[in-house]
>>> print(open('data_16.txt').read())   # compact mmCIF, C-alpha atoms and all ligand atoms
# COMPACT_ATOMS: atom_id res chain seq x y z
CA MET A 188 16.65 31.69 -4.09
CA SER A 189 13.52 29.91 -2.93
CA THR A 190 10.39 29.79 -5.07
CA THR A 191 6.94 29.78 -3.50
CA HIS A 192 4.01 27.98 -5.08
CA ALA A 193 0.31 28.26 -4.44
CA ALA A 194 -0.74 25.03 -2.66
CA PRO A 195 -2.41 22.82 -5.26
CA ASP A 196 -5.99 21.81 -4.70
CA ARG A 197 -6.14 18.38 -3.00
CA GLU A 198 -9.27 17.37 -4.89
CA ASN A 199 -7.55 18.12 -8.21
CA LEU A 200 -4.60 15.95 -7.19
CA ARG A 201 -7.04 13.20 -6.18
CA ASP A 202 -8.91 13.44 -9.49
CA LEU A 203 -5.66 13.15 -11.44
CA ALA A 204 -4.57 10.18 -9.32
CA VAL A 205 -7.93 8.45 -9.85
CA SER A 206 -7.94 8.84 -13.63
CA VAL A 207 -4.29 7.82 -14.06
CA ALA A 208 -4.73 4.81 -11.73
CA ALA A 209 -7.79 3.70 -13.73
CA GLU A 210 -5.93 3.94 -17.04
CA ALA A 211 -2.88 2.17 -15.58
CA GLY A 212 -5.11 -0.53 -14.08
CA GLU A 213 -6.66 -1.20 -17.50
CA LEU A 214 -3.25 -1.40 -19.13
CA ALA A 215 -1.92 -3.82 -16.50
CA ALA A 216 -5.08 -5.95 -16.56
CA ARG A 217 -4.80 -6.33 -20.35
CA GLY A 218 -1.19 -7.48 -19.93
CA GLN A 219 -1.75 -10.00 -17.12
CA ALA A 220 -2.44 -13.10 -19.21
CA GLY A 221 0.76 -14.85 -20.19
CA ILE A 222 3.02 -12.52 -18.17
CA THR A 223 6.47 -13.81 -17.25
CA VAL A 224 9.24 -12.64 -14.92
CA LEU A 225 11.48 -10.01 -16.49
CA ASP A 226 13.96 -9.54 -13.65
CA THR A 227 14.49 -9.94 -9.90
CA LYS A 228 15.28 -7.19 -7.39
CA SER A 229 16.20 -7.50 -3.69
CA SER A 230 16.12 -11.34 -3.69
CA PRO A 231 15.31 -14.13 -6.19
CA THR A 232 11.68 -14.10 -4.96
CA ASP A 233 11.29 -10.32 -5.46
CA VAL A 234 10.20 -10.31 -9.08
CA VAL A 235 9.49 -7.60 -11.62
CA THR A 236 7.50 -8.12 -14.81
CA GLU A 237 7.56 -6.09 -18.00
CA MET A 238 4.10 -4.80 -17.00
CA ASP A 239 5.41 -3.36 -13.69
CA ARG A 240 7.75 -1.21 -15.80
CA ALA A 241 5.27 -0.41 -18.59
CA THR A 242 2.59 0.55 -16.06
CA GLU A 243 4.94 2.80 -14.11
CA ASP A 244 6.10 4.44 -17.37
CA LEU A 245 2.48 5.22 -18.22
CA VAL A 246 1.79 6.64 -14.75
CA ARG A 247 4.93 8.80 -14.82
CA SER A 248 4.19 10.16 -18.29
CA ARG A 249 0.54 10.99 -17.49
CA LEU A 250 1.39 12.69 -14.16
CA LEU A 251 4.26 14.71 -15.62
CA ALA A 252 2.21 15.70 -18.68
CA ALA A 253 -0.41 17.17 -16.34
CA ARG A 254 2.02 18.57 -13.72
CA PRO A 255 5.54 18.85 -15.14
CA ASP A 256 7.11 20.44 -12.02
CA ASP A 257 6.17 17.66 -9.59
CA ALA A 258 8.52 15.05 -8.13
CA ILE A 259 7.82 11.30 -8.44
CA LEU A 260 8.92 8.32 -6.36
CA GLY A 261 8.06 5.04 -8.03
CA GLU A 262 8.78 1.45 -7.00
CA GLU A 263 10.43 0.61 -10.31
CA GLY A 264 11.86 3.92 -11.52
CA GLY A 265 13.12 5.49 -8.29
CA ASP A 266 13.08 9.16 -7.33
CA GLU A 267 12.72 12.00 -9.83
CA GLY A 268 13.01 15.52 -8.37
CA GLY A 269 10.60 18.40 -8.86
CA THR A 270 10.12 22.02 -7.83
CA SER A 271 6.41 22.35 -7.07
CA GLY A 272 6.33 20.92 -3.51
CA VAL A 273 4.16 18.01 -4.75
CA ARG A 274 5.58 14.51 -4.87
CA TRP A 275 3.75 11.51 -6.30
CA VAL A 276 4.36 8.12 -4.69
CA VAL A 277 3.57 5.30 -7.09
CA ASP A 278 3.36 1.52 -6.92
CA PRO A 279 2.46 0.46 -10.47
CA ILE A 280 1.57 -3.12 -9.47
CA ASP A 281 1.41 -3.87 -5.75
CA GLY A 282 1.06 -7.63 -5.45
CA THR A 283 3.35 -8.54 -8.32
CA VAL A 284 3.46 -12.22 -7.32
CA ASN A 285 -0.37 -12.40 -7.37
CA TYR A 286 -0.27 -10.66 -10.76
CA LEU A 287 2.23 -13.18 -12.07
CA TYR A 288 0.07 -16.11 -10.98
CA GLY A 289 -3.14 -14.75 -12.53
CA GLN A 290 -4.69 -13.87 -9.17
CA PRO A 291 -6.99 -10.83 -8.78
CA ASP A 292 -5.48 -9.16 -5.70
CA TRP A 293 -3.05 -6.62 -7.08
CA ALA A 294 -3.42 -2.86 -7.32
CA VAL A 295 -2.16 0.35 -8.88
CA SER A 296 -1.45 2.85 -6.06
CA ILE A 297 -0.90 6.57 -6.57
CA ALA A 298 -0.52 9.06 -3.70
CA ALA A 299 0.18 12.80 -3.81
CA GLU A 300 2.22 14.40 -1.04
CA ILE A 301 2.47 18.12 -0.38
CA ASP A 302 5.61 18.98 1.56
CA GLY A 303 5.92 15.36 2.64
CA VAL A 304 2.31 14.86 3.82
CA VAL A 305 0.07 12.46 1.87
CA VAL A 306 -2.99 14.53 0.89
CA ALA A 307 -4.64 12.57 -1.93
CA ALA A 308 -4.77 8.96 -3.02
CA ALA A 309 -6.12 6.51 -5.57
CA VAL A 310 -5.93 2.72 -5.40
CA ASN A 311 -7.30 0.80 -8.37
CA VAL A 312 -7.90 -2.95 -7.99
CA PRO A 313 -8.95 -4.13 -11.47
CA GLY A 314 -9.41 -7.77 -10.44
CA ARG A 315 -12.12 -6.74 -7.99
CA GLY A 316 -13.55 -3.79 -9.96
CA GLU A 317 -12.64 -1.52 -7.05
CA ALA A 318 -11.54 2.12 -7.36
CA TYR A 319 -10.65 3.66 -3.99
CA GLU A 320 -9.95 7.35 -3.51
CA ALA A 321 -9.23 9.61 -0.56
CA VAL A 322 -8.39 13.19 0.31
CA LEU A 323 -6.75 14.11 3.63
CA GLY A 324 -9.56 15.44 5.83
CA GLY A 325 -12.10 14.77 3.07
CA GLY A 326 -12.94 11.10 3.56
CA ALA A 327 -12.46 7.96 1.51
CA ARG A 328 -14.64 6.43 -1.18
CA LEU A 329 -14.96 3.11 -2.97
CA ASN A 330 -16.54 3.37 -6.42
CA GLY A 331 -18.09 6.67 -5.30
CA ARG A 332 -19.51 5.33 -2.01
CA VAL A 333 -18.28 6.90 1.25
CA LEU A 334 -16.28 4.42 3.34
CA GLU A 335 -16.40 3.93 7.06
CA ALA A 336 -14.48 1.00 8.47
CA PRO A 337 -16.37 -1.38 10.78
CA PRO A 338 -15.91 -0.81 14.53
CA ALA A 339 -13.05 -2.42 16.44
CA VAL A 340 -13.37 -5.97 17.74
CA PRO A 341 -11.43 -7.42 20.69
CA LEU A 342 -8.01 -8.75 19.71
CA GLU A 343 -9.08 -12.37 20.19
CA GLN A 344 -11.85 -11.87 17.61
CA ALA A 345 -9.70 -10.03 15.07
CA LEU A 346 -8.98 -11.33 11.59
CA VAL A 347 -5.47 -10.01 10.98
CA ALA A 348 -3.87 -9.60 7.56
CA THR A 349 -0.12 -9.55 7.17
CA GLY A 350 2.66 -10.16 4.67
CA PHE A 351 6.25 -11.28 4.38
CA GLY A 352 9.35 -9.57 3.06
CA TYR A 353 11.55 -10.95 0.30
CA PHE A 354 14.68 -11.74 2.38
CA PRO A 355 14.74 -15.33 3.68
CA GLU A 356 16.11 -14.41 7.15
CA ARG A 357 13.44 -11.73 7.60
CA ARG A 358 10.70 -14.15 6.52
CA VAL A 359 11.81 -16.77 9.03
CA HIS A 360 11.60 -14.20 11.84
CA GLN A 361 8.23 -12.95 10.55
CA ALA A 362 6.93 -16.53 10.59
CA ARG A 363 8.16 -16.95 14.20
CA VAL A 364 6.33 -13.77 15.23
CA LEU A 365 3.20 -14.99 13.46
CA SER A 366 3.37 -18.36 15.19
CA GLU A 367 2.93 -16.48 18.50
CA VAL A 368 0.38 -13.95 17.21
CA ILE A 369 -1.96 -16.62 15.88
CA ALA A 370 -2.72 -17.91 19.39
CA HIS A 371 -4.22 -14.52 20.34
CA ILE A 372 -6.44 -13.67 17.33
CA ARG A 373 -9.30 -15.14 15.28
CA ASP A 374 -7.07 -16.03 12.30
CA ILE A 375 -4.59 -14.61 9.84
CA ARG A 376 -4.76 -13.78 6.11
CA ARG A 377 -1.82 -13.39 3.71
CA GLY A 378 -3.39 -11.73 0.69
CA GLY A 379 -0.21 -10.81 -1.23
CA SER A 380 -0.83 -7.09 -1.74
CA ALA A 381 -0.36 -4.51 1.00
CA ALA A 382 -2.58 -2.09 -0.95
CA VAL A 383 -5.44 -4.60 -1.15
CA ASP A 384 -4.93 -5.55 2.51
CA LEU A 385 -5.01 -1.92 3.70
CA THR A 386 -7.98 -0.82 1.58
CA GLY A 387 -9.70 -4.10 2.47
CA LEU A 388 -9.76 -3.01 6.14
CA ALA A 389 -11.90 -0.05 5.13
CA VAL A 390 -14.56 -2.41 3.73
CA GLY A 391 -14.32 -4.98 6.54
CA ARG A 392 -12.45 -7.80 4.81
CA ALA A 393 -10.20 -8.04 7.90
CA ASN A 394 -9.97 -6.14 11.19
CA ALA A 395 -6.27 -5.33 11.28
CA TYR A 396 -3.09 -5.47 9.24
CA TYR A 397 0.58 -5.38 10.12
CA GLU A 398 3.79 -5.88 8.20
CA ARG A 399 7.52 -5.17 8.55
CA GLY A 400 9.63 -4.06 5.60
CA LEU A 401 7.11 -2.13 3.49
CA HIS A 402 8.13 0.95 1.54
CA ALA A 403 6.41 4.31 1.13
CA TRP A 404 4.91 3.22 -2.22
CA ASP A 405 3.26 0.23 -0.49
CA TRP A 406 1.47 2.22 2.22
CA SER A 407 1.06 5.86 1.06
CA ALA A 408 -2.10 5.69 -1.07
CA PRO A 409 -3.88 2.76 0.64
CA GLY A 410 -2.85 4.12 4.05
CA LEU A 411 -4.69 7.39 3.36
CA VAL A 412 -7.78 5.44 2.22
CA ALA A 413 -7.67 3.40 5.44
CA SER A 414 -7.10 6.38 7.75
CA GLU A 415 -9.83 8.44 6.08
CA ALA A 416 -12.16 5.47 6.66
CA GLY A 417 -11.50 5.76 10.40
CA LEU A 418 -8.57 3.39 10.89
CA ARG A 419 -5.30 4.30 12.57
CA VAL A 420 -2.35 3.65 10.28
CA GLY A 421 0.90 3.93 12.18
CA GLY A 422 4.35 2.64 12.90
CA PRO A 423 6.15 1.56 16.06
CA GLY A 424 5.67 3.56 19.27
CA GLY A 425 2.81 5.67 18.01
CA GLY A 426 4.90 7.10 15.15
CA PRO A 427 3.97 7.25 11.48
CA PRO A 428 4.10 4.14 9.23
CA SER A 429 7.69 3.13 8.65
CA GLU A 430 9.79 0.45 7.00
CA ASP A 431 10.24 -1.04 10.50
CA LEU A 432 6.53 -1.72 10.92
CA VAL A 433 3.12 -0.68 9.64
CA ILE A 434 0.05 -1.42 11.78
CA ALA A 435 -3.49 -0.51 10.72
CA ALA A 436 -6.71 -1.04 12.66
CA ARG A 437 -9.37 0.87 14.58
CA PRO A 438 -7.48 2.68 17.39
CA GLU A 439 -8.44 0.32 20.27
CA LEU A 440 -7.45 -2.76 18.28
CA HIS A 441 -4.32 -0.99 16.98
CA ASP A 442 -3.15 -0.49 20.58
CA ALA A 443 -3.86 -4.11 21.53
CA LEU A 444 -2.13 -5.50 18.43
CA GLU A 445 0.91 -3.27 18.90
CA ALA A 446 1.16 -4.37 22.56
CA LEU A 447 1.24 -7.98 21.32
CA LEU A 448 3.64 -7.38 18.40
CA ARG A 449 6.38 -5.21 19.88
CA PRO A 450 7.56 -7.62 22.63
CA LEU A 451 7.75 -10.31 19.92
CA GLY A 452 10.15 -8.12 17.91
CA ALA A 453 7.77 -7.63 14.98
CA ASP A 454 9.58 -4.36 14.19
CA THR A 455 12.98 -6.05 14.10
CA ASP A 456 14.68 -8.81 12.12
CA GLY A 457 14.96 -10.98 15.25
C1 LIG A 501 4.57 -6.56 -1.93
C2 LIG A 501 3.15 -6.87 -1.54
C3 LIG A 501 3.11 -7.94 -0.47
C4 LIG A 501 3.92 -7.57 0.74
C5 LIG A 501 5.36 -7.25 0.32
C6 LIG A 501 5.35 -6.14 -0.73
P1 LIG A 501 5.09 -5.78 -4.45
O1 LIG A 501 4.62 -5.53 -2.89
O2 LIG A 501 2.51 -5.71 -1.06
O3 LIG A 501 1.80 -8.18 0.02
O4 LIG A 501 3.93 -8.65 1.64
O5 LIG A 501 6.03 -6.81 1.48
O6 LIG A 501 6.68 -5.86 -1.11
O7 LIG A 501 6.50 -6.25 -4.36
O8 LIG A 501 4.19 -6.80 -5.01
O9 LIG A 501 4.93 -4.43 -5.07
>>> encode(input="data_16.txt", output="structure tokens")
Amino acid sequence: MSTTHAAPDRENLRDLAVSVAAEAGELAARGQAGITVLDTKSSPTDVVTEMDRATEDLVRSRLLAARPDDAILGEEGGDEGGTSGVRWVVDPIDGTVNYLYGQPDWAVSIAAEIDGVVVAAAVNVPGRGEAYEAVLGGGARLNGRVLEAPPAVPLEQALVATGFGYFPERRVHQARVLSEVIAHIRDIRRGGSAAVDLTGLAVGRANAYYERGLHAWDWSAPGLVASEAGLRVGGPGGGPPSEDLVIAARPELHDALEALLRPLGADTDG
């Protein structure tokens, strides 16, 4: 027997995401000094700290206390089913290596999906004092100020952010792709947090971003912030963002960057 639910209000989901991300950001920021590696995941360079786990536990408990029937997908704790049609997608600390080294560019990301579509988002970047929020169709904000990404620039004038996966073979191929890309753009940036890279496009810290091997928790919340600020956030061949490739930029630049990346095999492992 199927159960129907009234669609939850997107703004309410956003408000919950914003307040939980702020609390989680404070918790993680307090724990950053003196943090050490607790464990490794997909490869010896893919680290997890005790604060990744403690922060995700806090986020899960706050979300489920407010909305007990929702599902949650979290980077550290995996998938937990629900019955409401809402699923939260959580990265407790995106940029764990930056976090470990005392750098400021890491973020708590919380997105809400309704029936698989991301409708609300919060990205909290404590090291920069930045709280981003977005609602599908309702715009994006940074610390309460409406965001509109700067206009596109030609590919040769674009500052392009990117990142590397944790598997050595993948990284070597990504570096090969980058060694070709760099001849066609202004310069590259490797910031160390996909969430900070994607939200940073909305405030003009770079013109474009691409990366292979991200997961839904890396792109869901910051991707909505970026797209609500006027950027196109997509995957290969005009599809949605995927683990194969995420590209984000103003549409004209997105097309030009994708036309450069695909023949180089940026959406493959070489
Ligand atoms: C990582 C960061 C990094 C990106 C990696 C991600 P994590 O997330 O976003 O910038 O290059 O692909 O896995 O592991 O710190 O949550």
>>> axis_aligned_box(input="data_16.txt", around="ligand LIG 501 (chain A)", padding_each_side="5 Å", output="lines of an AutoDock Vina configuration file")
center_x = 4.2
center_y = -6.5
center_z = -1.7
size_x = 14.9
size_y = 14.2
size_z = 16.7
>>> residues_near_ligand(input="data_16.txt", ligand="ligand LIG 501 (chain A)", cutoff="8 Å", atoms="all atoms listed in the file", output="MDAnalysis selection string")
chainID A and resid 233:235 262 278:285 293 349:353 377:382 384 398:402 405
>>> residues_around(input="data_16.txt", residues="segment 312-329 of chain A", least_positions_apart="2", cutoff="8 Å", atoms="all atoms listed in the file", output="PyMOL selection string")
chain A and resi 197-198+201+205+209+212-213+216+290-295+305-310+331-335+383+386+411-413+415-416
>>> residues_near_point(input="data_16.txt", point="(10.2, 7.9, -11.5)", cutoff="10 Å", atoms="all atoms listed in the file", output="count of residues only")
20
>>> closest_residue(input="data_16.txt", among="A:Ala389, A:Ala443, A:Ile297, A:Ala453", to="Arg357 of chain A", atoms="all atoms listed in the file")
A:Ala453
>>> residues_around(input="data_16.txt", residues="segment 359-373 of chain A", least_positions_apart="5", cutoff="10 Å", atoms="only C-alpha atoms", output="ChimeraX atom specification")
/A:341-347,349-352,354,394,398-399,444,447-457
>>> closest_residue(input="data_16.txt", among="A:Pro438, A:Tyr286, A:Tyr396, A:Gly410", to="Val304 of chain A", atoms="only C-alpha atoms")
A:Gly410
>>> atom_distance(input="data_16.txt", atom1="atom CA of Ser414 of chain A", atom2="atom CA of Ile434 of chain A")
11.3 Å
>>> atom_distance(input="data_16.txt", atom1="atom CA of Ala436 of chain A", atom2="atom CA of Ala204 of chain A")
24.8 Å
>>> residues_around(input="data_16.txt", residues="Met238 of chain A", least_positions_apart="2", cutoff="8 Å", atoms="all atoms listed in the file", output="list in words")
Ala215, Gly218, Gln219, Ile222, Thr236, Arg240, Ala241 and Thr242 of chain A
>>> atom_distance(input="data_16.txt", atom1="atom CA of Arg376 of chain A", atom2="atom CA of Ala348 of chain A")
4.5 Å
>>> closest_residue(input="data_16.txt", among="A:Glu430, A:Asp442, A:Glu210, A:Asp226", to="Trp406 of chain A", atoms="all atoms listed in the file")
A:Glu430
>>> closest_residue(input="data_16.txt", among="A:Ser230, A:Val207, A:Pro423, A:Asp431", to="Glu356 of chain A", atoms="all atoms listed in the file")
A:Ser230
>>> decode(input="data_16.txt", residues="segment 241-270 of chain A", atoms="N, CA, C and O atoms", output="short mmCIF file (atom, residue, chain, number, x, y, z; two decimals), in the first residue's frame")
data_model
loop_
_atom_site.label_atom_id
_atom_site.label_comp_id
_atom_site.auth_asym_id
_atom_site.auth_seq_id
_atom_site.Cartn_x
_atom_site.Cartn_y
_atom_site.Cartn_z
N ALA A 241 31.66 12.85 14.25
CA ALA A 241 30.87 13.54 15.28
C ALA A 241 29.95 14.57 14.64
O ALA A 241 28.79 14.75 15.06
N THR A 242 30.45 15.25 13.59
CA THR A 242 29.63 16.28 12.94
C THR A 242 28.46 15.63 12.20
O THR A 242 27.32 16.10 12.27
N GLU A 243 28.74 14.52 11.52
CA GLU A 243 27.62 13.85 10.83
C GLU A 243 26.59 13.32 11.83
O GLU A 243 25.38 13.40 11.60
N ASP A 244 27.07 12.79 12.97
CA ASP A 244 26.12 12.31 14.00
C ASP A 244 25.20 13.45 14.45
O ASP A 244 23.99 13.26 14.62
N LEU A 245 25.80 14.63 14.68
CA LEU A 245 24.99 15.77 15.10
C LEU A 245 23.95 16.12 14.02
O LEU A 245 22.76 16.32 14.33
N VAL A 246 24.40 16.18 12.77
CA VAL A 246 23.48 16.55 11.68
C VAL A 246 22.34 15.54 11.59
O VAL A 246 21.16 15.91 11.53
N ARG A 247 22.70 14.25 11.62
CA ARG A 247 21.65 13.21 11.54
C ARG A 247 20.66 13.34 12.70
O ARG A 247 19.44 13.26 12.51
N SER A 248 21.17 13.55 13.90
CA SER A 248 20.24 13.57 15.04
C SER A 248 19.34 14.80 14.99
O SER A 248 18.15 14.71 15.28
N ARG A 249 19.88 15.95 14.58
CA ARG A 249 19.05 17.16 14.50
C ARG A 249 17.98 17.02 13.39
O ARG A 249 16.83 17.40 13.58
N LEU A 250 18.38 16.50 12.22
CA LEU A 250 17.42 16.37 11.11
C LEU A 250 16.32 15.38 11.48
O LEU A 250 15.12 15.64 11.26
N LEU A 251 16.72 14.25 12.06
CA LEU A 251 15.71 13.22 12.37
C LEU A 251 14.84 13.62 13.56
O LEU A 251 13.68 13.22 13.64
N ALA A 252 15.38 14.45 14.46
CA ALA A 252 14.54 14.94 15.57
C ALA A 252 13.44 15.84 15.00
O ALA A 252 12.28 15.80 15.44
N ALA A 253 13.79 16.64 13.99
CA ALA A 253 12.80 17.56 13.41
C ALA A 253 11.87 16.84 12.44
O ALA A 253 10.70 17.18 12.32
N ARG A 254 12.41 15.83 11.70
CA ARG A 254 11.64 15.19 10.63
C ARG A 254 11.95 13.69 10.64
O ARG A 254 12.71 13.19 9.82
N PRO A 255 11.34 12.96 11.57
CA PRO A 255 11.72 11.56 11.80
C PRO A 255 11.46 10.60 10.64
O PRO A 255 12.04 9.52 10.60
N ASP A 256 10.60 10.99 9.67
CA ASP A 256 10.27 10.06 8.58
C ASP A 256 11.14 10.26 7.33
O ASP A 256 10.91 9.61 6.30
N ASP A 257 12.10 11.17 7.41
CA ASP A 257 12.93 11.44 6.23
C ASP A 257 14.07 10.43 6.11
O ASP A 257 14.50 9.82 7.09
N ALA A 258 14.56 10.29 4.87
CA ALA A 258 15.76 9.47 4.61
C ALA A 258 16.99 10.38 4.67
O ALA A 258 16.88 11.60 4.50
N ILE A 259 18.16 9.76 4.93
CA ILE A 259 19.42 10.53 4.97
C ILE A 259 20.50 9.72 4.26
O ILE A 259 20.67 8.53 4.51
N LEU A 260 21.24 10.43 3.38
CA LEU A 260 22.48 9.87 2.82
C LEU A 260 23.61 10.77 3.32
O LEU A 260 23.60 11.98 3.07
N GLY A 261 24.55 10.16 4.04
CA GLY A 261 25.67 10.95 4.55
C GLY A 261 26.98 10.34 4.11
O GLY A 261 27.07 9.12 3.92
N GLU A 262 28.02 11.18 3.94
CA GLU A 262 29.31 10.67 3.47
C GLU A 262 29.86 9.61 4.41
O GLU A 262 30.42 8.61 3.97
N GLU A 263 29.71 9.81 5.72
CA GLU A 263 30.33 8.89 6.66
C GLU A 263 29.41 7.75 7.08
O GLU A 263 29.85 6.64 7.31
N GLY A 264 28.10 8.04 7.18
CA GLY A 264 27.19 7.05 7.77
C GLY A 264 26.34 6.30 6.78
O GLY A 264 25.51 5.45 7.16
N GLY A 265 26.48 6.60 5.46
CA GLY A 265 25.73 5.87 4.45
C GLY A 265 24.26 6.26 4.39
O GLY A 265 23.85 7.32 4.86
N ASP A 266 23.48 5.36 3.82
CA ASP A 266 22.07 5.60 3.50
C ASP A 266 21.16 5.08 4.60
O ASP A 266 21.31 3.96 5.05
N GLU A 267 20.22 5.91 5.03
CA GLU A 267 19.22 5.49 6.02
C GLU A 267 17.87 5.78 5.37
O GLU A 267 17.64 6.93 4.94
N GLY A 268 17.02 4.78 5.26
CA GLY A 268 15.74 4.95 4.54
C GLY A 268 14.73 5.78 5.30
O GLY A 268 14.85 6.00 6.51
N GLY A 269 13.72 6.26 4.58
CA GLY A 269 12.64 7.02 5.19
C GLY A 269 11.36 6.80 4.41
O GLY A 269 11.36 6.10 3.40
N THR A 270 10.28 7.42 4.84
CA THR A 270 8.99 7.20 4.19
C THR A 270 8.33 8.49 3.72
O THR A 270 7.24 8.45 3.14
#
